[in-house]
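**Q** Input data35.txt, format and content: compact mmCIF, C-alpha atoms and all ligand atoms.
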# COMPACT_ATOMS: atom_id res chain seq x y z
CA MET A 1 17.45 -39.11 -1.29
CA GLN A 2 15.62 -36.63 -3.48
CA LYS A 3 12.30 -37.94 -2.26
CA ASN A 4 13.38 -37.26 1.32
CA ILE A 5 14.23 -33.70 0.49
CA ILE A 6 10.83 -33.16 -1.10
CA GLU A 7 9.07 -34.73 1.91
CA GLU A 8 11.10 -32.45 4.15
CA ALA A 9 10.58 -29.27 2.14
CA PHE A 10 6.90 -29.79 1.38
CA PRO A 11 5.38 -29.00 4.82
CA GLU A 12 7.66 -25.97 4.96
CA THR A 13 6.42 -24.91 1.51
CA LEU A 14 2.80 -25.08 2.70
CA LYS A 15 3.64 -23.13 5.83
CA ILE A 16 5.42 -20.40 3.87
CA LEU A 17 2.66 -20.27 1.25
CA SER A 18 0.07 -19.81 4.00
CA GLU A 19 2.06 -16.93 5.41
CA LEU A 20 2.53 -15.34 1.98
CA ILE A 21 -1.21 -15.51 1.23
CA LYS A 22 -1.90 -13.67 4.49
CA PHE A 23 -0.02 -10.59 3.20
CA LYS A 24 -2.70 -8.70 1.27
CA THR A 25 -0.39 -7.60 -1.50
CA ILE A 26 -2.90 -6.40 -4.07
CA SER A 27 -1.18 -4.58 -6.94
CA GLY A 28 -0.78 -0.89 -6.18
CA THR A 29 -0.77 -1.40 -2.41
CA SER A 30 2.24 -1.92 -0.17
CA ASN A 31 4.12 -5.22 -0.30
CA ILE A 32 6.81 -4.11 2.16
CA ASP A 33 5.83 -6.53 4.94
CA LEU A 34 5.97 -9.48 2.57
CA ILE A 35 9.33 -8.39 1.15
CA GLU A 36 10.79 -8.02 4.65
CA TYR A 37 9.50 -11.48 5.53
CA CYS A 38 11.30 -12.96 2.48
CA GLU A 39 14.41 -10.88 3.09
CA LYS A 40 14.74 -12.14 6.67
CA LYS A 41 14.31 -15.74 5.62
CA LEU A 42 17.15 -15.39 3.11
CA GLU A 43 19.34 -13.20 5.31
CA VAL A 44 19.75 -15.86 8.00
CA LEU A 45 21.16 -18.13 5.29
CA GLY A 46 23.86 -15.62 4.45
CA ALA A 47 22.20 -14.31 1.29
CA LYS A 48 23.33 -10.98 -0.11
CA SER A 49 20.38 -8.77 -1.01
CA PHE A 50 19.41 -5.42 -2.39
CA LYS A 51 16.03 -3.77 -2.59
CA THR A 52 14.61 -1.26 -5.03
CA PHE A 53 11.48 0.80 -4.51
CA ASP A 54 8.73 2.71 -6.25
CA ASP A 55 8.74 6.52 -6.02
CA LYS A 56 6.71 6.58 -2.82
CA LYS A 57 8.65 3.74 -1.20
CA LEU A 58 5.39 1.90 -0.69
CA ARG A 59 6.43 -1.11 -2.69
CA ALA A 60 9.72 -2.96 -3.01
CA ASN A 61 11.54 -5.46 -5.17
CA LEU A 62 13.96 -7.86 -3.52
CA PHE A 63 16.95 -9.37 -5.28
CA SER A 64 18.81 -11.83 -3.12
CA THR A 65 21.75 -14.12 -3.85
CA ILE A 66 22.78 -17.42 -2.31
CA SER A 67 26.23 -18.68 -3.21
CA GLY A 68 26.25 -21.92 -1.23
CA LYS A 69 29.22 -22.92 0.87
CA LYS A 70 31.82 -21.27 -1.35
CA LYS A 71 32.45 -17.64 -2.16
CA LEU A 72 31.31 -17.08 -5.73
CA ASN A 73 31.79 -13.96 -7.79
CA GLY A 74 28.16 -13.98 -8.90
CA GLU A 75 28.84 -14.77 -12.57
CA GLY A 76 26.41 -16.85 -14.57
CA GLY A 77 23.84 -17.23 -11.84
CA ILE A 78 20.32 -18.55 -12.17
CA ILE A 79 17.42 -16.28 -11.29
CA LEU A 80 14.24 -17.68 -9.74
CA SER A 81 11.71 -14.97 -10.41
CA GLY A 82 8.29 -14.32 -8.95
CA HIS A 83 5.97 -11.34 -8.53
CA THR A 84 4.62 -10.68 -5.06
CA ASP A 85 1.44 -8.79 -6.02
CA VAL A 86 -1.93 -10.38 -6.56
CA VAL A 87 -5.12 -9.26 -8.29
CA PRO A 88 -7.96 -8.07 -6.01
CA ALA A 89 -10.38 -10.52 -4.39
CA SER A 90 -13.57 -9.83 -2.52
CA ASP A 91 -15.10 -12.29 -0.06
CA ASN A 92 -18.08 -12.45 -2.39
CA GLY A 93 -18.26 -15.75 -4.20
CA TRP A 94 -15.27 -17.29 -2.44
CA THR A 95 -15.88 -20.47 -0.49
CA SER A 96 -13.22 -19.41 2.03
CA ASN A 97 -11.49 -16.15 2.93
CA PRO A 98 -9.21 -15.34 -0.07
CA PHE A 99 -6.46 -14.09 2.25
CA VAL A 100 -6.42 -17.11 4.54
CA ALA A 101 -4.82 -20.20 3.04
CA THR A 102 -7.28 -23.09 3.17
CA LYS A 103 -6.21 -26.70 2.69
CA LYS A 104 -8.79 -28.96 1.08
CA ASN A 105 -8.65 -32.01 -1.21
CA ASP A 106 -4.86 -31.83 -1.54
CA ARG A 107 -5.07 -28.25 -2.71
CA ILE A 108 -4.30 -24.96 -1.10
CA TYR A 109 -6.84 -22.22 -1.77
CA GLY A 110 -6.24 -18.48 -1.52
CA ARG A 111 -5.58 -15.42 -3.64
CA GLY A 112 -2.12 -15.75 -5.17
CA SER A 113 -1.81 -19.46 -4.34
CA CYS A 114 -1.04 -20.24 -7.97
CA ASP A 115 -0.32 -16.75 -9.34
CA MET A 116 2.28 -16.81 -8.00
CA LYS A 117 3.04 -17.16 -4.34
CA GLY A 118 3.17 -20.94 -4.71
CA PHE A 119 6.37 -20.66 -6.72
CA ILE A 120 7.84 -18.12 -4.29
CA ALA A 121 7.04 -20.48 -1.40
CA CYS A 122 8.84 -23.37 -3.16
CA THR A 123 11.96 -21.24 -3.71
CA LEU A 124 12.00 -20.01 -0.09
CA ALA A 125 11.43 -23.50 1.30
CA LEU A 126 14.47 -24.79 -0.61
CA ALA A 127 16.70 -21.80 0.09
CA PRO A 128 18.24 -23.45 3.22
CA TYR A 129 18.99 -26.51 1.11
CA PHE A 130 20.67 -24.44 -1.62
CA SER A 131 22.74 -22.59 0.96
CA ARG A 132 24.26 -25.86 2.24
CA GLN A 133 25.52 -26.98 -1.21
CA ASN A 134 28.77 -26.52 -3.04
CA LEU A 135 27.26 -24.39 -5.77
CA LYS A 136 29.21 -23.60 -8.92
CA LYS A 137 26.88 -20.78 -9.80
CA PRO A 138 24.86 -18.57 -7.49
CA ILE A 139 21.10 -18.79 -7.20
CA HIS A 140 19.26 -15.49 -7.21
CA PHE A 141 15.79 -14.84 -5.86
CA SER A 142 13.92 -12.04 -7.60
CA TYR A 143 10.65 -10.96 -5.99
CA THR A 144 8.98 -7.98 -7.63
CA TYR A 145 5.98 -5.68 -7.09
CA ASP A 146 3.11 -4.73 -9.41
CA GLU A 147 3.53 -7.28 -12.16
CA GLU A 148 -0.23 -7.52 -12.59
CA THR A 149 -0.41 -3.84 -13.49
CA ALA A 150 1.79 -3.99 -16.58
CA CYS A 151 5.08 -5.02 -14.93
CA GLN A 152 5.85 -1.80 -13.13
CA GLY A 153 8.22 -3.22 -10.53
CA ALA A 154 10.59 -5.42 -12.51
CA PRO A 155 12.13 -2.67 -14.68
CA VAL A 156 13.18 -0.80 -11.52
CA MET A 157 14.93 -3.90 -10.19
CA LEU A 158 16.53 -4.74 -13.54
CA ARG A 159 18.00 -1.26 -13.87
CA GLU A 160 19.78 -1.77 -10.56
CA LEU A 161 20.90 -5.25 -11.58
CA LYS A 162 22.53 -3.69 -14.63
CA ASN A 163 24.13 -0.91 -12.55
CA ARG A 164 25.64 -3.49 -10.24
CA LYS A 165 26.92 -5.47 -13.24
CA ILE A 166 25.46 -8.71 -11.93
CA ASN A 167 25.61 -11.06 -14.91
CA CYS A 168 23.06 -13.83 -14.84
CA SER A 169 22.81 -16.51 -17.47
CA ILE A 170 19.37 -17.97 -16.89
CA CYS A 171 16.03 -16.81 -15.52
CA ILE A 172 13.10 -19.03 -14.57
CA VAL A 173 9.86 -17.05 -14.26
CA GLY A 174 7.59 -19.21 -12.10
CA GLU A 175 4.19 -18.16 -13.47
CA PRO A 176 1.63 -20.99 -13.43
CA THR A 177 2.25 -23.21 -16.47
CA ASN A 178 1.59 -26.66 -14.92
CA MET A 179 5.38 -26.96 -14.81
CA LYS A 180 5.68 -26.89 -18.60
CA ALA A 181 8.37 -24.89 -20.35
CA ILE A 182 6.95 -21.79 -22.03
CA GLN A 183 9.22 -20.27 -24.62
CA ALA A 184 7.32 -17.22 -25.85
CA HIS A 185 4.37 -14.89 -25.36
CA LYS A 186 3.07 -11.82 -27.13
CA GLY A 187 3.56 -8.34 -25.77
CA CYS A 188 0.65 -6.53 -24.14
CA TYR A 189 0.39 -2.77 -24.55
CA GLU A 190 -2.49 -0.95 -22.90
CA TYR A 191 -3.57 2.61 -23.56
CA SER A 192 -6.30 5.10 -22.71
CA THR A 193 -6.68 7.97 -25.13
CA HIS A 194 -8.50 10.98 -23.69
CA PHE A 195 -10.33 13.45 -25.96
CA THR A 196 -11.27 16.92 -24.73
CA GLY A 197 -13.53 19.10 -26.90
CA LEU A 198 -16.05 21.82 -26.28
CA ALA A 199 -19.57 21.28 -24.95
CA GLY A 200 -22.62 23.00 -26.44
CA HIS A 201 -26.26 22.61 -27.37
CA GLY A 202 -27.01 19.59 -29.50
CA SER A 203 -28.87 21.77 -32.00
CA ALA A 204 -25.68 23.60 -32.99
CA PRO A 205 -23.02 20.93 -33.51
CA ASP A 206 -20.68 23.29 -35.39
CA LYS A 207 -20.33 25.56 -32.37
CA GLY A 208 -18.82 22.86 -30.20
CA VAL A 209 -16.13 20.21 -30.59
CA ASN A 210 -17.60 16.76 -30.15
CA ALA A 211 -15.07 14.56 -28.37
CA ILE A 212 -17.03 11.39 -29.18
CA GLU A 213 -17.03 12.12 -32.88
CA TYR A 214 -13.26 12.64 -32.92
CA ALA A 215 -12.81 9.51 -30.85
CA ASN A 216 -14.81 7.72 -33.51
CA GLN A 217 -12.42 8.86 -36.25
CA PHE A 218 -9.55 7.76 -34.06
CA ILE A 219 -11.09 4.31 -33.68
CA ASN A 220 -11.61 4.02 -37.43
CA LYS A 221 -7.92 4.74 -37.95
CA LEU A 222 -7.05 2.03 -35.42
CA MET A 223 -9.28 -0.43 -37.28
CA GLU A 224 -7.44 0.44 -40.50
CA LEU A 225 -4.17 -0.32 -38.70
CA ARG A 226 -5.60 -3.59 -37.46
CA ARG A 227 -6.04 -4.69 -41.07
CA GLU A 228 -2.46 -3.63 -41.81
CA LEU A 229 -1.18 -5.67 -38.88
CA LYS A 230 -2.64 -8.85 -40.37
CA LYS A 231 -0.64 -8.24 -43.53
CA ARG A 232 2.50 -7.86 -41.43
CA GLU A 233 2.22 -11.40 -40.01
CA PRO A 234 5.76 -12.70 -39.53
CA LYS A 235 6.83 -15.94 -41.18
CA ASN A 236 6.89 -18.92 -38.79
CA SER A 237 4.95 -17.09 -36.11
CA VAL A 238 4.47 -19.33 -33.07
CA PHE A 239 1.31 -17.56 -31.91
CA THR A 240 -2.44 -17.89 -32.35
CA PRO A 241 -3.53 -15.72 -34.03
CA PRO A 242 -0.12 -15.41 -35.72
CA TYR A 243 -0.23 -11.62 -36.17
CA THR A 244 -0.36 -8.63 -33.84
CA THR A 245 -3.88 -7.87 -32.63
CA LEU A 246 -5.52 -4.58 -31.72
CA GLN A 247 -8.73 -4.17 -29.81
CA ILE A 248 -10.99 -1.46 -28.38
CA GLY A 249 -12.08 -2.46 -24.88
CA ARG A 250 -14.13 0.52 -23.71
CA ILE A 251 -15.48 3.89 -24.77
CA LYS A 252 -16.70 6.39 -22.24
CA GLY A 253 -18.02 9.82 -23.15
CA GLY A 254 -20.89 12.29 -23.27
CA ILE A 255 -23.65 13.12 -20.81
CA ALA A 256 -26.88 13.35 -22.81
CA ARG A 257 -28.34 13.00 -26.31
CA ASN A 258 -28.77 16.75 -26.80
CA VAL A 259 -25.44 17.92 -25.40
CA ILE A 260 -22.24 18.08 -27.47
CA ALA A 261 -19.84 15.74 -25.71
CA ASP A 262 -16.73 17.53 -24.49
CA GLN A 263 -15.10 14.40 -23.04
CA CYS A 264 -14.44 10.93 -24.38
CA THR A 265 -11.99 8.20 -23.42
CA VAL A 266 -11.06 5.20 -25.52
CA ASP A 267 -9.39 2.22 -23.82
CA TRP A 268 -7.51 0.08 -26.30
CA GLU A 269 -4.86 -2.59 -26.36
CA LEU A 270 -2.26 -3.97 -28.69
CA ARG A 271 -0.65 -7.42 -28.50
CA PRO A 272 2.48 -7.29 -30.63
CA VAL A 273 4.08 -10.46 -31.97
CA VAL A 274 7.16 -8.42 -32.83
CA PHE A 275 8.44 -5.26 -31.19
CA GLU A 276 8.35 -3.37 -34.54
CA ASP A 277 4.56 -3.69 -34.76
CA GLY A 278 4.21 -1.73 -31.54
CA VAL A 279 6.37 1.03 -32.94
CA PHE A 280 4.47 0.94 -36.25
CA VAL A 281 1.04 1.42 -34.68
CA ASN A 282 2.13 4.08 -32.21
CA GLN A 283 3.97 6.13 -34.82
CA ILE A 284 1.06 6.16 -37.25
CA ILE A 285 -1.68 6.80 -34.72
CA ASP A 286 0.33 9.56 -32.99
CA LYS A 287 0.94 11.24 -36.34
CA TYR A 288 -2.74 10.99 -37.25
CA VAL A 289 -3.69 12.60 -33.93
CA ASN A 290 -1.16 15.42 -34.24
CA ASP A 291 -1.44 16.16 -37.97
CA ILE A 292 -5.13 15.54 -38.65
CA LEU A 293 -7.41 15.32 -35.60
CA LEU A 294 -5.96 17.95 -33.29
CA PRO A 295 -5.64 20.76 -35.88
CA GLU A 296 -9.24 20.08 -36.93
CA MET A 297 -10.52 20.22 -33.34
CA ARG A 298 -8.50 23.35 -32.54
CA LYS A 299 -9.95 25.27 -35.50
CA THR A 300 -13.14 25.62 -33.46
CA TYR A 301 -11.70 25.44 -29.97
CA PRO A 302 -7.94 25.99 -29.48
CA GLU A 303 -7.92 24.31 -26.09
CA SER A 304 -9.09 20.98 -27.51
CA ASN A 305 -6.80 18.14 -26.62
CA ILE A 306 -6.02 14.48 -27.21
CA LYS A 307 -3.84 12.76 -24.66
CA LYS A 308 -2.53 9.22 -24.80
CA GLU A 309 -2.12 7.63 -21.39
CA VAL A 310 0.18 4.61 -21.39
CA ILE A 311 -1.27 2.16 -18.87
CA GLY A 312 1.55 -0.27 -19.49
CA GLU A 313 3.68 -1.81 -22.20
CA ILE A 314 4.62 -5.38 -21.33
CA ILE A 315 7.12 -6.33 -23.96
CA GLY A 316 6.82 -9.67 -25.70
CA PHE A 317 8.85 -12.70 -24.79
CA ASN A 318 10.42 -13.95 -28.00
CA LYS A 319 11.20 -17.48 -29.01
CA GLU A 320 14.95 -18.10 -29.18
CA GLU A 321 16.30 -20.60 -31.69
CA GLU A 322 18.34 -22.42 -29.08
CA SER A 323 17.29 -21.35 -25.62
CA GLU A 324 19.55 -22.46 -22.79
CA ALA A 325 16.78 -21.80 -20.27
CA VAL A 326 14.06 -23.68 -22.15
CA ASN A 327 16.37 -26.65 -22.76
CA LEU A 328 17.33 -26.68 -19.09
CA ILE A 329 13.70 -26.91 -17.97
CA CYS A 330 12.94 -29.63 -20.53
CA ASN A 331 15.90 -31.61 -19.17
CA LEU A 332 14.80 -31.12 -15.57
CA THR A 333 11.14 -31.96 -16.08
CA GLY A 334 11.62 -34.59 -18.77
CA ASP A 335 8.86 -32.86 -20.71
CA ASN A 336 9.89 -31.62 -24.13
CA SER A 337 6.69 -29.82 -25.04
CA LYS A 338 7.79 -26.24 -25.56
CA ASP A 339 4.71 -24.11 -25.61
CA VAL A 340 3.64 -20.51 -26.02
CA VAL A 341 0.99 -18.71 -23.95
CA SER A 342 -1.29 -15.76 -24.40
CA PHE A 343 -0.69 -14.06 -21.04
CA GLY A 344 2.04 -11.51 -20.38
CA THR A 345 4.86 -11.97 -17.86
CA GLU A 346 8.14 -10.35 -16.83
CA ALA A 347 10.03 -12.79 -19.09
CA GLY A 348 10.57 -10.32 -21.95
CA LEU A 349 12.22 -7.87 -19.55
CA PHE A 350 14.82 -10.41 -18.41
CA GLN A 351 15.35 -11.51 -22.00
CA GLU A 352 15.93 -7.90 -23.02
CA LEU A 353 18.97 -7.87 -20.68
CA GLY A 354 20.43 -10.83 -22.55
CA ILE A 355 19.41 -13.41 -19.96
CA SER A 356 18.15 -16.71 -21.40
CA THR A 357 14.63 -16.96 -19.98
CA VAL A 358 11.86 -19.51 -19.61
CA VAL A 359 8.44 -19.39 -17.95
CA CYS A 360 7.71 -22.45 -15.82
CA GLY A 361 5.87 -22.75 -12.54
CA PRO A 362 3.33 -24.70 -10.48
CA GLY A 363 -0.42 -24.41 -10.93
CA SER A 364 -2.61 -23.61 -13.89
CA ILE A 365 -3.34 -20.23 -15.43
CA ALA A 366 -6.95 -21.44 -15.53
CA GLN A 367 -7.08 -20.85 -11.76
CA ALA A 368 -5.26 -17.53 -11.78
CA HIS A 369 -7.28 -14.36 -11.11
CA LYS A 370 -10.35 -16.52 -10.39
CA ILE A 371 -12.67 -17.02 -7.44
CA ASP A 372 -11.40 -19.94 -5.30
CA GLU A 373 -7.91 -19.77 -6.81
CA TYR A 374 -5.86 -22.79 -5.79
CA VAL A 375 -2.67 -24.72 -6.39
CA SER A 376 -2.52 -28.48 -5.97
CA PHE A 377 -0.07 -30.25 -3.67
CA ASP A 378 1.15 -32.30 -6.66
CA GLU A 379 2.07 -29.18 -8.62
CA LEU A 380 4.01 -27.78 -5.66
CA LYS A 381 5.86 -31.08 -5.29
CA LEU A 382 6.73 -31.10 -9.01
CA CYS A 383 8.11 -27.61 -8.61
CA LEU A 384 10.20 -28.65 -5.58
CA LYS A 385 11.53 -31.59 -7.58
CA MET A 386 12.49 -29.34 -10.50
CA LEU A 387 14.33 -26.94 -8.18
CA ILE A 388 16.18 -29.77 -6.41
CA ASP A 389 17.26 -31.19 -9.77
CA LEU A 390 18.34 -27.71 -10.79
CA LYS A 391 20.70 -27.69 -7.83
CA ASP A 392 22.32 -30.89 -9.11
CA GLN A 393 23.12 -29.15 -12.40
CA ILE A 394 25.01 -26.37 -10.70
CA SER A 395 26.77 -27.98 -7.77
CA ASN A 396 29.66 -30.34 -7.16
ZN ZN A 401 1.29 -13.82 -12.45
Spell out the structure here as structure tokens.
Ligand SMILES: [Zn+2]
**A**
Amino acid sequence: MQKNIIEEAFPETLKILSELIKFKTISGTSNIDLIEYCEKKLEVLGAKSFKTFDDKKLRANLFSTISGKKKLNGEGGIILSGHTDVVPASDNGWTSNPFVATKKNDRIYGRGSCDMKGFIACTLALAPYFSRQNLKKPIHFSYTYDEETACQGAPVMLRELKNRKINCSICIVGEPTNMKAIQAHKGCYEYSTHFTGLAGHGSAPDKGVNAIEYANQFINKLMELRRELKKREPKNSVFTPPYTTLQIGRIKGGIARNVIADQCTVDWELRPVVFEDGVFVNQIIDKYVNDILLPEMRKTYPESNIKKEVIGEIIGFNKEEESEAVNLICNLTGDNSKDVVSFGTEAGLFQELGISTVVCGPGSIAQAHKIDEYVSFDELKLCLKMLIDLKDQISN
């Protein structure tokens, strides 16, 4: 019976995945056509949907609910969550066009095939099946924009979910994990700090304000904090390394050896194991900037400035002692290995709303963001099987 359903849904999954790959939904560009495609597919099944948008209405999130044959009040539903954006891909280096799905060796190649349009395709292919069942709890489809650029879309959708008082009990984030249950990941905070000083002749350093030199002091302070973070390692941390890390990724500043640099930018990141570490670092570094560095710079040049640009703050996804969502996936897949990963997802955002959350989806993170990204047929079939079994848990 179940095998038949998989055999039936699988060609449809491939067809949908091919269509999804064709939408060039690179983060920061419009995903509206893709969202409308998904919306229509769910609409004909009687799904109730709402959309939320970015400020310019260029990008949309879709939240859509299928209640099956009965009328349900929406309580306790299960969210199947996927992001619709992909990282950029140029034709260079790819064996085939990244935005044309290519089937080869029981794999489907294309940008987003594993991260994470494969999961979205599985959920859409089974939506007609879900809609025919006597569900006890609704199934929600959450498709967001701009996850790859620090989860900008999901918070907009979640705010509306809260406004509408839609209470969901479980969320499955279908990022590529080879269908294993992932129970935690670190946060990922990204910043650019911009220093503006005063240019001048290199022979008279005291007459200018050297942005690079202040950036250097700033970096030294961050390195001091990095040592502090190690000492703050929480007991029983599930991560490797077990403490919050801090790293400088790029410095850009100055124009020539003999010119005082009036501009410098430091790109840095923080990967908190606990939320408090993020607060700790930001409070101390902000205070250092405002109380020490800025007054010093402004003594010589009052218009000197230091500005912190928040690129994104993906909050961590914390391990729960008894996670309903993680246990559910382990039951469905028969695989009890509960793992942690080092990449960020939207999971922490759903968890923050009190929804028990797990990350589990088809494909491997090793293929994500890479040239010749692919997802294997087997992984897609395992995902279909998991979703069909999920239906059995919530229907009569
Ligand atoms: Zn992803």
**Q** Which residue gives the smallest distance to Tyr214 of chain A among A:Glu8, A:Glu296, A:Glu160, A:Glu379, with only C-alpha atoms counted?
**A** A:Glu296
**Q** For chain A versus ligand ZN 401 (chain A), which residues have an atom no more than 10 Å away, and what is each residue's nearest atom pair and distance in Å rounded to one decimal, using all atoms listed in the file, chain-then-number order, as a Markdown table?
**A**
| residue | atom | partner | partner_atom | distance |
| --- | --- | --- | --- | --- |
| A:Gly82 | CA | A:ZN401 | ZN | 7.8 |
| A:His83 | CA | A:ZN401 | ZN | 6.6 |
| A:Thr84 | CA | A:ZN401 | ZN | 8.7 |
| A:Asp85 | CA | A:ZN401 | ZN | 8.2 |
| A:Val86 | CA | A:ZN401 | ZN | 7.5 |
| A:Val87 | CA | A:ZN401 | ZN | 8.9 |
| A:Gly112 | CA | A:ZN401 | ZN | 8.3 |
| A:Cys114 | CA | A:ZN401 | ZN | 8.2 |
| A:Asp115 | CA | A:ZN401 | ZN | 4.6 |
| A:Met116 | CA | A:ZN401 | ZN | 5.5 |
| A:Lys117 | CA | A:ZN401 | ZN | 8.9 |
| A:Asp146 | CA | A:ZN401 | ZN | 9.8 |
| A:Glu147 | CA | A:ZN401 | ZN | 6.9 |
| A:Glu148 | CA | A:ZN401 | ZN | 6.5 |
| A:Cys151 | CA | A:ZN401 | ZN | 9.9 |
| A:Val173 | CA | A:ZN401 | ZN | 9.3 |
| A:Gly174 | CA | A:ZN401 | ZN | 8.3 |
| A:Glu175 | CA | A:ZN401 | ZN | 5.3 |
| A:Pro176 | CA | A:ZN401 | ZN | 7.2 |
| A:Phe343 | CA | A:ZN401 | ZN | 8.8 |
| A:Gly344 | CA | A:ZN401 | ZN | 8.3 |
| A:Thr345 | CA | A:ZN401 | ZN | 6.7 |
| A:Glu346 | CA | A:ZN401 | ZN | 8.8 |
| A:Ile365 | CA | A:ZN401 | ZN | 8.5 |
| A:Ala368 | CA | A:ZN401 | ZN | 7.6 |
| A:His369 | CA | A:ZN401 | ZN | 8.7 |
**Q** Which distance in Å separates atom CA of Gly77 of chain A and atom CA of Ser169 of chain A, to one decimal?
**A**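 It comes out at 5.8 Å.
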**Q** Name the residues in contact with segment 246-250 of chain A at a cut-off of 7 Å, using all atoms listed in the file, excluding same-chain residues fewer than 4 positions from it; report them as a PyMOL selection string.
**A** chain A and resi 226+266-271
**Q** Env of segment 91-106 of chain A: 9 Å cut, atoms = all atoms listed in the file, seq-sep filter 6 positions within chain, self excluded. Answer as a list in words.
**A**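 That gives Leu17, Ser18, Glu19, Leu20, Ile21, Lys22, Phe23, Lys24, Gly112, Ser113, Ile371, Asp372, Glu373, Val375, Ser376, Phe377 and Asp378 of chain A.
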**Q** For segment 102-111 of chain A, what centre and edge lengths in Å (one decimal) does the axis-aligned box get once 4 Å is added on each side of all its listed atoms, as JSON?
**A**
{"center_x": -6.5, "center_y": -23.7, "center_z": -0.2, "size_x": 12.5, "size_y": 24.6, "size_z": 14.8}
**Q** Determine, using all atoms listed in the file, which residues of segment 121-221 of chain A have any atom at most 7 Å from an atom of segment 51-67 of chain A, and tabulate each with its shortest atom pair and distance in Å to one decimal place, rows ordered by chain and then rising number, as JSON lines.
**A**
{"residue": "A:Ser131", "atom": "CA", "partner": "A:Ile66", "partner_atom": "CA", "distance": 6.1}
{"residue": "A:Leu135", "atom": "CA", "partner": "A:Ser67", "partner_atom": "CA", "distance": 6.3}
{"residue": "A:Lys137", "atom": "CA", "partner": "A:Ser67", "partner_atom": "CA", "distance": 6.9}
{"residue": "A:Pro138", "atom": "CA", "partner": "A:Ser67", "partner_atom": "CA", "distance": 4.5}
{"residue": "A:Ile139", "atom": "CA", "partner": "A:Ile66", "partner_atom": "CA", "distance": 5.3}
{"residue": "A:His140", "atom": "CA", "partner": "A:Thr65", "partner_atom": "CA", "distance": 4.4}
{"residue": "A:Phe141", "atom": "CA", "partner": "A:Ser64", "partner_atom": "CA", "distance": 5.1}
{"residue": "A:Ser142", "atom": "CA", "partner": "A:Phe63", "partner_atom": "CA", "distance": 4.7}
{"residue": "A:Tyr143", "atom": "CA", "partner": "A:Leu62", "partner_atom": "CA", "distance": 5.2}
{"residue": "A:Thr144", "atom": "CA", "partner": "A:Asn61", "partner_atom": "CA", "distance": 4.4}
{"residue": "A:Tyr145", "atom": "CA", "partner": "A:Asn61", "partner_atom": "CA", "distance": 5.9}
{"residue": "A:Gly153", "atom": "CA", "partner": "A:Asn61", "partner_atom": "CA", "distance": 6.7}
{"residue": "A:Val156", "atom": "CA", "partner": "A:Thr52", "partner_atom": "CA", "distance": 6.7}
{"residue": "A:Met157", "atom": "CA", "partner": "A:Thr52", "partner_atom": "CA", "distance": 5.8}
**Q** For atom CA of Ala347 of chain A and atom CA of Gly74 of chain A, quote the distance in Å rounded to one decimal.
**A**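 According to the coordinates, atom CA of Ala347 of chain A and atom CA of Gly74 of chain A are separated by 20.8 Å.
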**Q** Taking 6 positions as the minimum chain separation for residues in the same chain, which residues sit within 10 Å of segment 285-291 of chain A when counting all atoms listed in the file? Answer as a list in words.
**A**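 Counting all atoms listed in the file, the residues come to Tyr214, Gln217, Phe218, Ile219, Lys221, Leu222, Leu225, Asn305, Ile306, Lys307 and Lys308 of chain A.
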**Q** Could you check the closest approach to Ala9 of chain A for each of A:Ala215, A:Gln263, A:Asn31, A:Cys383 and tell me which residue wins, using only C-alpha atoms?
**A**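 Using only C-alpha atoms, the shortest distance to Ala9 of chain A belongs to A:Cys383.
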**Q** How far is it from atom CA of Ala184 of chain A to atom CA of Val341 of chain A, in Å with one decimal?
**A** 6.8 Å
**Q** I'd like the neighbourhood of Val273 of chain A as an MDAnalysis selection string, where a residue qualifies if any of its atoms comes within 10 Å (using all atoms listed in the file), though same-chain residues fewer than 2 positions away should be ignored.
**A** chainID A and resid 184:188 229 232:234 237:245 270:271 275:278 315:318
**Q** Determine the nearest neighbour of Leu387 of chain A from the options A:Ala125, A:Ile26, A:Leu161, A:Gly354, counting all atoms listed in the file.
**A**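 With all atoms listed in the file as the atom set, the closest residue is A:Ala125.
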**Q** For Leu384 of chain A, work out the shell of residues within 8 Å, counting only C-alpha atoms and skipping chain neighbours fewer than 6 positions away, then give it as number ranges by chain.
**A** A: 6, 9-10, 122-123, 126
**Q** Looking at A:Gln152, A:Val209, A:Lys165, A:Asn236, which one is nearest to Asn73 of chain A, with distances taken over all atoms listed in the file?
**A** A:Lys165
**Q** Give the answer as one residue: which of A:Leu72, A:Lys370, A:Asn178, A:Leu158 has the shortest atom-to-atom distance to Arg111 of chain A, using all atoms listed in the file?
**A** A:Lys370
**Q** Can you work out which one of A:Lys136, A:Ile35, A:Glu75, A:Ala127 has the shortest atom-to-atom distance to Arg164 of chain A, counting only C-alpha atoms?
**A**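 Of all the options, A:Glu75 lies closest to Arg164 of chain A.
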**Q** Under the rule of at most 12 Å, produce a per-residue listing of segment 142-250 of chain A near segment 298-304 of chain A: chain, number, name, the closest pair of atoms, and the distance in Å, as CSV, using all atoms listed in the file.
**A**
residue,atom,partner,partner_atom,distance
A:His194,CA,A:Ser304,CA,10.7
A:Phe195,CA,A:Ser304,CA,7.8
A:Thr196,CA,A:Ser304,CA,5.4
A:Gly197,CA,A:Ser304,CA,4.9
A:Leu198,CA,A:Tyr301,CA,6.8
A:Ala199,CA,A:Tyr301,CA,10.2
A:Gly200,CA,A:Tyr301,CA,11.7
A:Pro205,CA,A:Thr300,CA,10.9
A:Asp206,CA,A:Thr300,CA,8.1
A:Lys207,CA,A:Thr300,CA,7.3
A:Gly208,CA,A:Thr300,CA,7.1
A:Val209,CA,A:Thr300,CA,6.8
A:Asn210,CA,A:Ser304,CA,9.9
A:Ala211,CA,A:Ser304,CA,8.8
A:Tyr214,CA,A:Ser304,CA,10.8
